>>> print(open('final02.txt').read())   # compact mmCIF, C-alpha atoms
# COMPACT_ATOMS: atom_id res chain seq x y z
CA MET K 13 5.70 -0.90 -15.41
CA LYS K 14 3.38 -3.80 -14.55
CA LEU K 15 0.97 -1.76 -12.38
CA LYS K 16 1.09 1.60 -14.09
CA ASN K 17 -1.70 3.93 -12.92
CA LYS K 18 -3.35 1.22 -10.80
CA VAL K 19 -4.62 1.95 -7.29
CA ALA K 20 -3.92 -0.65 -4.62
CA LEU K 21 -5.19 -0.97 -1.07
CA ILE K 22 -2.87 -3.03 1.15
CA THR K 23 -3.98 -3.90 4.66
CA GLY K 24 -1.33 -4.01 7.38
CA SER K 25 1.15 -2.19 5.17
CA SER K 26 3.10 -0.11 7.70
CA GLN K 27 5.80 -2.77 8.19
CA GLY K 28 7.07 -6.18 7.17
CA ILE K 29 5.59 -7.91 4.15
CA GLY K 30 2.85 -5.31 3.71
CA ARG K 31 5.29 -2.44 3.51
CA ALA K 32 7.48 -4.34 1.05
CA ILE K 33 4.45 -4.90 -1.16
CA ALA K 34 3.51 -1.22 -0.94
CA GLU K 35 7.00 -0.14 -1.99
CA ARG K 36 7.20 -2.72 -4.77
CA PHE K 37 3.79 -1.78 -6.14
CA ALA K 38 4.80 1.87 -6.17
CA SER K 39 7.97 0.98 -8.06
CA GLU K 40 5.73 -0.66 -10.69
CA GLY K 41 3.58 2.47 -11.07
CA ALA K 42 0.75 2.00 -8.56
CA ASP K 43 -0.69 4.50 -6.12
CA VAL K 44 -1.11 2.95 -2.69
CA VAL K 45 -3.49 3.07 0.26
CA ILE K 46 -1.41 2.28 3.35
CA ASN K 47 -3.36 0.80 6.24
CA TYR K 48 -2.16 0.39 9.80
CA SER K 49 -3.69 -0.38 13.16
CA GLY K 50 -1.26 0.78 15.84
CA ASN K 51 2.04 2.33 14.73
CA ALA K 52 1.55 5.69 13.03
CA GLU K 53 5.28 6.37 12.76
CA ARG K 54 5.92 3.24 10.72
CA ALA K 55 2.94 4.04 8.52
CA GLN K 56 4.44 7.46 7.81
CA GLU K 57 7.76 5.82 6.88
CA ALA K 58 5.91 3.51 4.49
CA LEU K 59 4.17 6.49 2.89
CA GLN K 60 7.49 8.27 2.42
CA ALA K 61 8.89 5.15 0.73
CA VAL K 62 5.92 5.09 -1.68
CA GLU K 63 6.24 8.78 -2.46
CA ALA K 64 9.98 8.34 -3.03
CA GLN K 65 8.99 6.14 -6.00
CA GLY K 66 7.10 9.09 -7.47
CA ARG K 67 3.65 7.71 -6.64
CA ARG K 68 0.76 8.96 -4.53
CA GLY K 69 -0.21 7.40 -1.24
CA ILE K 70 -2.46 7.91 1.74
CA ILE K 71 -2.49 6.49 5.27
CA VAL K 72 -5.68 5.17 6.83
CA GLN K 73 -5.80 3.80 10.36
CA ALA K 74 -8.23 0.88 10.69
CA ASN K 75 -8.51 -2.40 12.55
CA VAL K 76 -9.52 -4.76 9.76
CA GLY K 77 -11.12 -7.09 12.29
CA ARG K 78 -13.90 -4.52 12.72
CA THR K 79 -16.35 -4.08 9.87
CA ASP K 80 -17.02 -0.43 10.74
CA ASP K 81 -13.29 0.28 10.43
CA LEU K 82 -13.20 -1.53 7.09
CA LYS K 83 -16.03 0.59 5.73
CA LYS K 84 -14.16 3.72 6.80
CA LEU K 85 -10.96 2.42 5.20
CA PHE K 86 -12.61 1.83 1.83
CA ALA K 87 -14.63 5.04 1.94
CA THR K 88 -11.49 7.09 2.58
CA ALA K 89 -9.58 5.31 -0.17
CA LEU K 90 -12.35 5.88 -2.70
CA GLU K 91 -12.82 9.49 -1.67
CA THR K 92 -9.12 10.09 -2.32
CA PHE K 93 -8.48 8.07 -5.47
CA GLY K 94 -11.95 7.55 -6.93
CA ARG K 95 -11.38 3.87 -7.60
CA LEU K 96 -9.50 0.75 -6.50
CA ASP K 97 -7.97 -1.84 -8.83
CA ILE K 98 -6.10 -4.14 -6.44
CA LEU K 99 -6.72 -5.40 -2.92
CA VAL K 100 -3.99 -7.08 -0.88
CA ASN K 101 -5.28 -8.71 2.31
CA ASN K 102 -2.02 -8.74 4.25
CA ALA K 103 -2.90 -7.80 7.84
CA GLY K 104 -2.39 -10.70 10.22
CA VAL K 105 -1.82 -11.58 13.86
CA GLU K 106 -1.03 -14.73 15.83
CA THR K 107 -1.07 -15.94 19.43
CA HIS K 108 1.17 -18.62 20.93
CA ALA K 109 -0.45 -20.97 23.44
CA PRO K 110 -1.31 -24.65 23.89
CA PHE K 111 -4.78 -25.41 22.56
CA TRP K 112 -6.20 -26.00 26.05
CA GLU K 113 -5.08 -22.53 27.18
CA ILE K 114 -6.43 -20.48 24.27
CA THR K 115 -9.04 -18.01 25.50
CA GLU K 116 -12.04 -16.75 23.60
CA SER K 117 -10.37 -13.34 23.32
CA ASP K 118 -7.22 -14.97 21.86
CA TYR K 119 -9.34 -16.81 19.32
CA ASP K 120 -11.41 -13.75 18.41
CA LYS K 121 -8.32 -11.57 17.99
CA VAL K 122 -6.75 -13.95 15.47
CA LEU K 123 -9.86 -14.99 13.55
CA ASN K 124 -11.25 -11.45 13.38
CA VAL K 125 -8.16 -10.01 11.73
CA ASN K 126 -6.95 -12.97 9.67
CA LEU K 127 -10.21 -14.42 8.37
CA LYS K 128 -13.12 -12.08 9.11
CA GLY K 129 -11.05 -9.08 8.00
CA THR K 130 -10.05 -10.79 4.77
CA PHE K 131 -13.65 -11.84 4.13
CA PHE K 132 -15.23 -8.42 4.60
CA ALA K 133 -12.42 -6.40 3.01
CA THR K 134 -12.84 -8.59 -0.04
CA GLN K 135 -16.60 -8.03 0.05
CA GLU K 136 -16.13 -4.24 0.14
CA PHE K 137 -13.70 -4.44 -2.79
CA VAL K 138 -15.90 -6.75 -4.85
CA ASN K 139 -18.96 -4.55 -4.35
CA HIS K 140 -16.94 -1.54 -5.51
CA LEU K 141 -15.90 -3.39 -8.67
CA ARG K 142 -19.44 -4.61 -9.31
CA HIS K 143 -20.89 -1.13 -8.93
CA THR K 144 -18.32 0.33 -11.32
CA ASN K 145 -18.42 -2.65 -13.72
CA ARG K 146 -14.68 -3.17 -13.59
CA ARG K 147 -12.21 -6.04 -13.31
CA GLY K 148 -9.79 -6.36 -10.39
CA LYS K 149 -7.18 -8.42 -8.58
CA ILE K 150 -7.21 -9.73 -5.01
CA VAL K 151 -4.06 -11.07 -3.37
CA ASN K 152 -4.32 -12.71 0.05
CA VAL K 153 -1.19 -13.09 2.15
CA SER K 154 -1.90 -16.40 3.80
CA SER K 155 0.81 -18.69 5.25
CA VAL K 156 2.38 -22.09 4.74
CA HIS K 157 0.26 -22.92 7.79
CA GLU K 158 -2.85 -22.93 5.64
CA GLU K 159 -1.38 -26.36 4.80
CA LEU K 160 1.13 -27.25 7.53
CA PRO K 161 0.24 -27.99 11.17
CA PHE K 162 1.79 -25.57 13.66
CA PRO K 163 1.27 -26.81 17.25
CA ASN K 164 0.53 -24.06 19.78
CA PHE K 165 -0.77 -21.80 17.00
CA THR K 166 -4.08 -23.55 16.37
CA ALA K 167 -6.21 -20.43 15.95
CA TYR K 168 -3.69 -19.05 13.46
CA CYS K 169 -3.73 -22.28 11.43
CA ALA K 170 -7.53 -22.34 11.48
CA SER K 171 -7.65 -18.77 10.20
CA LYS K 172 -5.22 -19.44 7.36
CA GLY K 173 -6.96 -22.67 6.41
CA GLY K 174 -10.12 -20.60 6.18
CA VAL K 175 -8.38 -18.11 3.90
CA LYS K 176 -7.31 -20.96 1.61
CA MET K 177 -10.88 -22.21 1.21
CA LEU K 178 -12.26 -18.67 0.94
CA THR K 179 -9.87 -18.06 -1.95
CA ARG K 180 -10.77 -21.27 -3.75
CA ASN K 181 -14.50 -20.69 -3.38
CA LEU K 182 -14.34 -17.06 -4.48
CA SER K 183 -12.23 -17.93 -7.51
CA VAL K 184 -15.29 -19.78 -8.81
CA GLU K 185 -17.81 -17.16 -7.72
CA LEU K 186 -15.86 -14.10 -8.85
CA GLY K 187 -14.28 -15.45 -12.03
CA PRO K 188 -17.28 -14.59 -14.23
CA LEU K 189 -17.02 -11.00 -12.96
CA GLY K 190 -13.43 -10.66 -14.16
CA ILE K 191 -12.05 -10.69 -10.63
CA ASN K 192 -9.01 -12.85 -9.87
CA ILE K 193 -8.19 -13.97 -6.33
CA ASN K 194 -5.08 -15.83 -5.20
CA ASN K 195 -3.07 -16.62 -2.09
CA ILE K 196 0.59 -16.14 -1.31
CA ALA K 197 1.75 -18.51 1.43
CA PRO K 198 5.00 -17.20 2.96
CA GLY K 199 7.23 -19.48 4.97
CA ALA K 200 9.81 -18.15 7.41
CA ILE K 201 10.24 -14.49 6.49
CA GLU K 202 12.39 -11.93 8.33
CA THR K 203 9.62 -9.72 9.72
CA PRO K 204 8.68 -8.31 13.15
CA ILE K 205 6.24 -11.19 13.73
CA ASN K 206 9.25 -13.55 13.79
CA THR K 207 11.40 -11.52 16.20
CA LYS K 208 11.48 -14.25 18.86
CA LEU K 209 12.60 -16.83 16.31
CA LEU K 210 15.34 -14.56 14.97
CA ASN K 211 16.69 -14.14 18.50
CA ASP K 212 16.71 -17.87 19.31
CA PRO K 213 19.79 -19.40 17.58
CA ALA K 214 18.84 -23.00 18.35
CA LYS K 215 15.35 -22.73 16.87
CA LEU K 216 16.56 -20.62 13.97
CA ASN K 217 19.28 -23.11 13.00
CA ALA K 218 16.85 -26.02 13.28
CA LEU K 219 14.46 -24.22 10.94
CA LEU K 220 17.17 -23.30 8.45
CA GLY K 221 18.06 -26.99 8.30
CA GLN K 222 14.58 -27.65 6.88
CA ILE K 223 14.68 -24.90 4.25
CA PRO K 224 16.28 -26.29 1.08
CA VAL K 225 17.55 -22.89 -0.10
CA LYS K 226 19.23 -22.44 3.34
CA ARG K 227 18.05 -18.94 4.17
CA LEU K 228 15.08 -17.09 5.57
CA GLY K 229 12.89 -15.26 3.14
CA GLN K 230 12.85 -11.48 2.81
CA PRO K 231 9.69 -9.38 2.52
CA THR K 232 10.71 -8.52 -1.03
CA ASP K 233 10.53 -12.22 -1.95
CA VAL K 234 6.81 -12.08 -1.18
CA ALA K 235 6.34 -8.67 -2.77
CA ASN K 236 7.75 -9.88 -6.08
CA VAL K 237 5.07 -12.58 -6.30
CA ALA K 238 2.39 -10.10 -5.27
CA VAL K 239 3.31 -7.87 -8.22
CA PHE K 240 2.83 -10.78 -10.62
CA LEU K 241 -0.55 -11.77 -9.15
CA ALA K 242 -1.77 -8.15 -9.20
CA SER K 243 -0.69 -7.59 -12.80
CA ASP K 244 -2.16 -8.46 -16.20
CA ASP K 245 0.42 -11.25 -16.41
CA ALA K 246 -1.78 -13.24 -14.00
CA ASP K 247 -5.08 -12.78 -15.83
CA TYR K 248 -5.47 -16.56 -16.19
CA VAL K 249 -4.45 -17.35 -12.61
CA THR K 250 -7.12 -17.63 -9.92
CA GLY K 251 -7.83 -19.79 -6.88
CA ALA K 252 -4.16 -20.67 -6.50
CA THR K 253 -1.72 -20.61 -3.61
CA TYR K 254 1.88 -19.63 -4.34
CA TYR K 255 4.29 -20.92 -1.70
CA VAL K 256 7.13 -18.47 -1.01
CA ASP K 257 9.03 -20.60 1.46
CA GLY K 258 12.36 -21.71 -0.02
CA GLY K 259 11.00 -25.25 -0.26
CA LEU K 260 10.08 -25.51 3.44
CA THR K 261 6.58 -26.91 2.91
CA TRP K 262 7.81 -30.07 1.21
CA ASN K 263 10.73 -30.60 3.59
CA TYR K 264 9.04 -29.77 6.90
CA GLU K 265 9.12 -31.75 10.14
CA GLU K 266 7.68 -30.30 13.32
CA GLN K 267 10.41 -30.11 15.98
>>> encode(input="final02.txt", output="structure tokens")
Amino acid sequence: MKLKNKVALITGSSQGIGRAIAERFASEGADVVINYSGNAERAQEALQAVEAQGRRGIIVQANVGRTDDLKKLFATALETFGRLDILVNNAGVETHAPFWEITESDYDKVLNVNLKGTFFATQEFVNHLRHTNRRGKIVNVSSVHEELPFPNFTAYCASKGGVKMLTRNLSVELGPLGININNIAPGAIETPINTKLLNDPAKLNALLGQIPVKRLGQPTDVANVAVFLASDDADYVTGATYYVDGGLTWNYEEQ
């Protein structure tokens, strides 16, 4: 087992990619802190999936865009497990609007969760590792849109571009502490955030035409890479972005 007896905190892990990572980590021997913001029922289902793998888990409700919630999230995790070894910054939101219609509240919603939340969750985790003099792994779930333009999703792209640079900068700053940090950049993955796309045959077929492997990704495709980056196998990997997109990034044309 690649993550035997490790403890992982995964933000936004009640559904989609986050839940797949939680289940996959549990299958590799990790105990898991499941975080959610709004849907308690899905969080409970995720916990049951973790426990079905024979591992321990807890559920903590927290909006990662709020620093007070983040402090509560980490305090509860540490009170329960005593330590954390892995942080996965997965929670993310997006808004769809032309640039000239984006409101301040739209902007704040996206940047607070996607970038501010990643920043301060990472700070909480790093301070825990520093105080306990331990190594650790950070995995950020970014997006191909840290690199690719995505018209009408400007705030989202700005947030993911920020995550890319945050990761690169922290790889230099945290490396001497024995802390690795990397990004996973998913492409088109079958998750609730893509429900509209999945129900629009014309847009879906146009997108599939740009994906060389000719299918959408599954949450498990992302989770498999997360296991590698969280494991000892990736001890010499830091500051990198792994594209999990079926080749979309290098074959992409905005429609």
>>> closest_atom_pairs(input="final02.txt", of="range 18-90 of chain K", to="range 184-206 of chain K", cutoff="10 Å", atoms="all atoms listed in the file", output="Markdown table")
| residue | atom | partner | partner_atom | distance |
| --- | --- | --- | --- | --- |
| K:Gln27 | CA | K:Pro204 | CA | 8.0 |
| K:Gly28 | CA | K:Thr203 | CA | 5.1 |
| K:Ile29 | CA | K:Thr203 | CA | 7.1 |
>>> closest_atom_pairs(input="final02.txt", of="range 48-160 of chain K", to="range 210-234 of chain K", cutoff="12 Å", atoms="all atoms listed in the file", output="CSV")
residue,atom,partner,partner_atom,distance
K:Val100,CA,K:Val234,CA,11.9
K:Asn102,CA,K:Val234,CA,10.9
K:Val151,CA,K:Val234,CA,11.1
K:Asn152,CA,K:Val234,CA,11.2
K:Val153,CA,K:Val234,CA,8.7
K:Ser154,CA,K:Val234,CA,10.9
K:Ser155,CA,K:Val234,CA,11.0
>>> closest_residue(input="final02.txt", among="K:Val45, K:Met13, K:Ala167, K:Leu182", to="Ser117 in chain K", atoms="all atoms listed in the file")
K:Ala167
>>> residues_around(input="final02.txt", residues="range 62-76 of chain K", least_positions_apart="6", cutoff="10 Å", atoms="only C-alpha atoms", output="number ranges by chain")
K: 16-17, 19-21, 23-26, 31-32, 34-52, 55-56, 82-86, 88-89, 92-93, 101, 103-104, 124-133
>>> closest_residue(input="final02.txt", among="K:Ala246, K:Gly251, K:Asp118, K:Thr107", to="Lys176 in chain K", atoms="only C-alpha atoms")
K:Gly251
>>> atom_distance(input="final02.txt", atom1="CA of Ile22 in chain K", atom2="CA of His140 in chain K")
15.6 Å
>>> closest_residue(input="final02.txt", among="K:Leu141, K:Leu96, K:Ile33, K:Ile150", to="Ala242 in chain K", atoms="only C-alpha atoms")
K:Ile150
>>> atom_distance(input="final02.txt", atom1="CA of Tyr119 in chain K", atom2="CA of Gly30 in chain K")
22.9 Å
>>> decode(input="final02.txt", residues="range 154-193 of chain K", atoms="N, CA and C atoms", output="compact mmCIF listing (two decimals), in the first residue's frame")
# COMPACT_ATOMS: atom_id res chain seq x y z
N SER K 154 -5.75 21.64 -9.69
CA SER K 154 -5.87 22.88 -10.44
C SER K 154 -6.81 22.65 -11.62
N SER K 155 -6.37 22.94 -12.82
CA SER K 155 -7.19 22.78 -14.02
C SER K 155 -6.31 23.01 -15.25
N VAL K 156 -6.71 22.45 -16.37
CA VAL K 156 -6.01 22.80 -17.61
C VAL K 156 -6.10 24.30 -17.87
N HIS K 157 -7.08 24.95 -17.22
CA HIS K 157 -7.25 26.39 -17.42
C HIS K 157 -6.33 27.22 -16.52
N GLU K 158 -5.36 26.58 -15.89
CA GLU K 158 -4.22 27.33 -15.37
C GLU K 158 -3.32 27.72 -16.54
N GLU K 159 -3.52 27.03 -17.68
CA GLU K 159 -2.71 27.25 -18.88
C GLU K 159 -3.54 27.72 -20.07
N LEU K 160 -4.75 27.15 -20.22
CA LEU K 160 -5.58 27.44 -21.39
C LEU K 160 -6.58 28.56 -21.11
N PRO K 161 -6.74 29.50 -22.04
CA PRO K 161 -7.84 30.47 -21.91
C PRO K 161 -9.19 29.76 -21.92
N PHE K 162 -10.16 30.37 -21.25
CA PHE K 162 -11.51 29.81 -21.16
C PHE K 162 -12.48 30.99 -21.11
N PRO K 163 -12.81 31.57 -22.28
CA PRO K 163 -13.67 32.76 -22.29
C PRO K 163 -14.96 32.54 -21.50
N ASN K 164 -15.38 33.57 -20.81
CA ASN K 164 -16.57 33.59 -19.96
C ASN K 164 -16.34 32.92 -18.61
N PHE K 165 -15.11 32.51 -18.34
CA PHE K 165 -14.73 31.96 -17.04
C PHE K 165 -13.43 32.63 -16.56
N THR K 166 -13.36 33.94 -16.71
CA THR K 166 -12.11 34.65 -16.46
C THR K 166 -11.66 34.56 -15.00
N ALA K 167 -12.59 34.70 -14.07
CA ALA K 167 -12.21 34.60 -12.66
C ALA K 167 -11.65 33.21 -12.34
N TYR K 168 -12.27 32.19 -12.91
CA TYR K 168 -11.81 30.82 -12.71
C TYR K 168 -10.39 30.65 -13.23
N CYS K 169 -10.14 31.13 -14.45
CA CYS K 169 -8.80 31.02 -15.04
C CYS K 169 -7.77 31.77 -14.20
N ALA K 170 -8.15 32.97 -13.73
CA ALA K 170 -7.24 33.74 -12.90
C ALA K 170 -6.90 32.99 -11.61
N SER K 171 -7.90 32.34 -11.03
CA SER K 171 -7.66 31.60 -9.79
C SER K 171 -6.73 30.41 -10.03
N LYS K 172 -6.92 29.71 -11.12
CA LYS K 172 -6.09 28.54 -11.39
C LYS K 172 -4.69 28.93 -11.85
N GLY K 173 -4.58 30.05 -12.56
CA GLY K 173 -3.25 30.56 -12.87
C GLY K 173 -2.49 30.92 -11.61
N GLY K 174 -3.22 31.47 -10.64
CA GLY K 174 -2.62 31.78 -9.35
C GLY K 174 -2.15 30.53 -8.61
N VAL K 175 -2.94 29.47 -8.70
CA VAL K 175 -2.54 28.20 -8.06
C VAL K 175 -1.27 27.66 -8.70
N LYS K 176 -1.17 27.79 -10.02
CA LYS K 176 0.05 27.32 -10.71
C LYS K 176 1.29 28.03 -10.16
N MET K 177 1.22 29.37 -10.06
CA MET K 177 2.39 30.12 -9.59
C MET K 177 2.63 29.91 -8.10
N LEU K 178 1.55 29.77 -7.33
CA LEU K 178 1.69 29.45 -5.91
C LEU K 178 2.47 28.15 -5.74
N THR K 179 2.12 27.15 -6.54
CA THR K 179 2.78 25.85 -6.45
C THR K 179 4.25 25.95 -6.82
N ARG K 180 4.55 26.66 -7.90
CA ARG K 180 5.95 26.79 -8.31
C ARG K 180 6.77 27.52 -7.24
N ASN K 181 6.22 28.60 -6.72
CA ASN K 181 6.96 29.38 -5.72
C ASN K 181 7.18 28.58 -4.45
N LEU K 182 6.12 27.88 -3.99
CA LEU K 182 6.25 27.12 -2.75
C LEU K 182 7.14 25.90 -2.91
N SER K 183 7.28 25.38 -4.12
CA SER K 183 8.20 24.25 -4.30
C SER K 183 9.62 24.65 -3.93
N VAL K 184 9.96 25.91 -4.21
CA VAL K 184 11.29 26.42 -3.86
C VAL K 184 11.38 26.71 -2.37
N GLU K 185 10.33 27.31 -1.83
CA GLU K 185 10.35 27.73 -0.43
C GLU K 185 10.22 26.54 0.53
N LEU K 186 9.45 25.54 0.14
CA LEU K 186 9.18 24.42 1.05
C LEU K 186 10.09 23.23 0.84
N GLY K 187 10.77 23.18 -0.30
CA GLY K 187 11.65 22.05 -0.57
C GLY K 187 12.65 21.76 0.54
N PRO K 188 13.34 22.79 1.06
CA PRO K 188 14.31 22.52 2.13
C PRO K 188 13.68 21.96 3.41
N LEU K 189 12.36 22.11 3.54
CA LEU K 189 11.67 21.57 4.72
C LEU K 189 11.21 20.13 4.52
N GLY K 190 11.46 19.58 3.33
CA GLY K 190 11.01 18.22 3.06
C GLY K 190 9.54 18.14 2.71
N ILE K 191 9.01 19.25 2.19
CA ILE K 191 7.59 19.30 1.81
C ILE K 191 7.50 19.43 0.30
N ASN K 192 6.84 18.48 -0.34
CA ASN K 192 6.63 18.51 -1.79
C ASN K 192 5.26 19.07 -2.11
N ILE K 193 5.18 19.87 -3.16
CA ILE K 193 3.90 20.45 -3.59
C ILE K 193 3.80 20.38 -5.12
